[in-house]
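Novice: Below is the structure I would like to discuss, written out as structure tokens.
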Amino acid sequence: AVAERDLSRLPDKNCTRAEAKPVLQRMLRTLLEPLAVAAAADSEGTLNVLALHITCPLLEKCPALKALCVSLLEAVSSLGREARQVAAVIMASKAPKPKAKADAKAAATAPPEGGVTGKPAEPTPEDANAAKPAEAPSQAPRR
């Protein structure tokens, strides 16, 4: 609806670049954010809709804007490629590699260096003797 309204403001044929450029700029200000989101999600579909509903009707009325329309389509196409590259990097960093996952599990279950595990040590016979109260030496009765 935005594109149709703005395109209807142009003369039917052979409008000048000076007449059409503000119309294209106004459409882009209005549609820039939705175009960016759509291109990130589905660049081919976005390019098809953009060409069908904006650039082709604009070029029918003003062929002088061909270079600007081509630049717009190229920018939307590159945005889609870049969004896919960023998504691939994010997805690759989130998924642990199988070997790294196994190494992390082994490290979590292995005792750390020095044998300290954080678990109480098993008592030794020396520990058992040390825990008993010392017997007092027997004293002989005083005379």
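All residue names refer to the structure tokens as shown: chains lettered A, B, ... in order, residues numbered from 1 in each chain, ligands numbered from 1 in order.
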Counting only C-alpha atoms, what is within 8 Å of Cys62 of chain A, bar same-chain residues fewer than 2 positions away, as a PDB file with N, CA, C and O atoms, in the first residue's frame?

Specialist:
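Contents of out_11.pdb, freshly written:
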ATOM      1  N   LYS A  13       4.396   8.314 -17.281  1.00  0.00           N
ATOM      2  CA  LYS A  13       5.570   7.885 -18.065  1.00  0.00           C
ATOM      3  C   LYS A  13       6.608   8.987 -18.095  1.00  0.00           C
ATOM      4  O   LYS A  13       6.299  10.166 -18.013  1.00  0.00           O
ATOM      5  N   ASN A  14       7.835   8.580 -18.248  1.00  0.00           N
ATOM      6  CA  ASN A  14       8.972   9.467 -18.456  1.00  0.00           C
ATOM      7  C   ASN A  14       9.103  10.582 -17.418  1.00  0.00           C
ATOM      8  O   ASN A  14       9.367  11.735 -17.765  1.00  0.00           O
ATOM      9  N   CYS A  15       8.912  10.265 -16.185  1.00  0.00           N
ATOM     10  CA  CYS A  15       9.184  11.280 -15.169  1.00  0.00           C
ATOM     11  C   CYS A  15      10.696  11.428 -15.054  1.00  0.00           C
ATOM     12  O   CYS A  15      11.459  10.553 -15.453  1.00  0.00           O
ATOM     13  N   THR A  16      11.117  12.531 -14.526  1.00  0.00           N
ATOM     14  CA  THR A  16      12.558  12.767 -14.407  1.00  0.00           C
ATOM     15  C   THR A  16      13.098  12.112 -13.148  1.00  0.00           C
ATOM     16  O   THR A  16      12.356  11.779 -12.216  1.00  0.00           O
ATOM     17  N   ARG A  17      14.404  11.978 -13.135  1.00  0.00           N
ATOM     18  CA  ARG A  17      15.081  11.421 -11.963  1.00  0.00           C
ATOM     19  C   ARG A  17      14.818  12.315 -10.742  1.00  0.00           C
ATOM     20  O   ARG A  17      14.623  11.827  -9.643  1.00  0.00           O
ATOM     21  N   ALA A  20      11.406  11.429  -9.369  1.00  0.00           N
ATOM     22  CA  ALA A  20      11.242  10.074  -8.847  1.00  0.00           C
ATOM     23  C   ALA A  20      12.129   9.766  -7.645  1.00  0.00           C
ATOM     24  O   ALA A  20      11.750   8.968  -6.793  1.00  0.00           O
ATOM     25  N   LEU A  58       8.391   1.349 -10.543  1.00  0.00           N
ATOM     26  CA  LEU A  58       9.126   2.617 -10.531  1.00  0.00           C
ATOM     27  C   LEU A  58       9.871   2.824 -11.850  1.00  0.00           C
ATOM     28  O   LEU A  58       9.865   3.929 -12.404  1.00  0.00           O
ATOM     29  N   LEU A  59      10.484   1.762 -12.363  1.00  0.00           N
ATOM     30  CA  LEU A  59      11.216   1.876 -13.628  1.00  0.00           C
ATOM     31  C   LEU A  59      10.279   2.092 -14.819  1.00  0.00           C
ATOM     32  O   LEU A  59      10.668   2.713 -15.803  1.00  0.00           O
ATOM     33  N   GLU A  60       9.051   1.590 -14.749  1.00  0.00           N
ATOM     34  CA  GLU A  60       8.088   1.849 -15.821  1.00  0.00           C
ATOM     35  C   GLU A  60       7.766   3.335 -15.911  1.00  0.00           C
ATOM     36  O   GLU A  60       7.602   3.880 -16.990  1.00  0.00           O
ATOM     37  N   ALA A  64      15.059   6.451 -15.697  1.00  0.00           N
ATOM     38  CA  ALA A  64      16.311   7.085 -15.281  1.00  0.00           C
ATOM     39  C   ALA A  64      16.789   6.567 -13.922  1.00  0.00           C
ATOM     40  O   ALA A  64      17.951   6.773 -13.552  1.00  0.00           O
ATOM     41  N   LEU A  65      15.939   5.885 -13.167  1.00  0.00           N
ATOM     42  CA  LEU A  65      16.326   5.370 -11.852  1.00  0.00           C
ATOM     43  C   LEU A  65      16.861   3.944 -11.897  1.00  0.00           C
ATOM     44  O   LEU A  65      17.006   3.304 -10.859  1.00  0.00           O
TER      45      LEU A  65
END

Novice: Mind checking which residues fall within 10 Å of Arg9 of chain A, counting only C-alpha atoms, ignoring those fewer than 4 positions away in the same chain, and posting them as a compact mmCIF listing (two decimals) with N, CA, C and O atoms, in the first residue's frame?

Specialist:
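Below is the file selection_33.txt, written as the result:
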# COMPACT_ATOMS: atom_id res chain seq x y z
N GLU A 4 2.37 1.67 -3.52
CA GLU A 4 1.34 2.09 -4.48
C GLU A 4 0.98 3.56 -4.31
O GLU A 4 0.85 4.29 -5.29
N ARG A 5 0.84 3.99 -3.06
CA ARG A 5 0.50 5.39 -2.79
C ARG A 5 1.60 6.31 -3.31
O ARG A 5 1.33 7.32 -3.97
N GLU A 19 12.19 14.01 -10.09
CA GLU A 19 10.83 13.78 -9.59
C GLU A 19 10.72 12.44 -8.87
O GLU A 19 10.01 12.33 -7.86
N ALA A 20 11.41 11.43 -9.37
CA ALA A 20 11.24 10.07 -8.85
C ALA A 20 12.13 9.77 -7.64
O ALA A 20 11.75 8.97 -6.79
N VAL A 23 10.54 10.16 -4.24
CA VAL A 23 9.52 9.13 -4.02
C VAL A 23 10.20 7.83 -3.58
O VAL A 23 9.76 7.18 -2.62

Novice: Tell me which protein, DNA and RNA residues are within 9 Å of Val76 of chain A, counting only C-alpha atoms, leaving out same-chain ones fewer than 4 positions away, and put them as a ChimeraX atom specification.

Specialist: /A:35-36,39-40,43,46-47,71-72,80-81

Novice: Extract, using only C-alpha atoms, all DNA, RNA and protein residues at most 10 Å from segment 50-54 of chain A, discarding same-chain residues fewer than 5 positions from it, and format them as a JSON list (two decimals) with C-alpha atoms, in the first residue's frame.

Specialist:
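The resulting file, out-v3.json, is reproduced below:
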[["chain", "number", "residue", "atom", "x", "y", "z"],
["A", 1, "ALA", "CA", 0.00, 0.00, 0.00],
["A", 2, "VAL", "CA", 2.87, 2.39, 0.81],
["A", 3, "ALA", "CA", 4.57, 1.74, -2.51],
["A", 4, "GLU", "CA", 1.34, 2.09, -4.48],
["A", 6, "ASP", "CA", 3.96, 6.84, -3.44],
["A", 7, "LEU", "CA", 4.10, 5.53, -7.01],
["A", 24, "LEU", "CA", 12.04, 6.26, -3.86],
["A", 27, "MET", "CA", 9.43, 4.54, 0.20],
["A", 28, "LEU", "CA", 12.77, 3.37, 1.52],
["A", 35, "LEU", "CA", 12.95, -4.93, 4.07],
["A", 44, "GLU", "CA", 15.23, -14.40, -2.57],
["A", 45, "GLY", "CA", 11.59, -13.90, -1.67],
["A", 59, "LEU", "CA", 11.22, 1.88, -13.63],
["A", 69, "CYS", "CA", 17.01, 0.30, -8.43],
["A", 70, "VAL", "CA", 19.84, -2.09, -9.31],
["A", 72, "LEU", "CA", 18.85, -1.34, -4.05],
["A", 73, "LEU", "CA", 18.38, -4.92, -5.23],
["A", 76, "VAL", "CA", 19.12, -6.36, -0.26]]

Novice: A:Cys56, A:Asp42, A:Arg29, A:Asp12: which is nearest Glu82 of chain A, counting only C-alpha atoms?

Specialist: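 The closest residue to Glu82 of chain A is A:Asp42.
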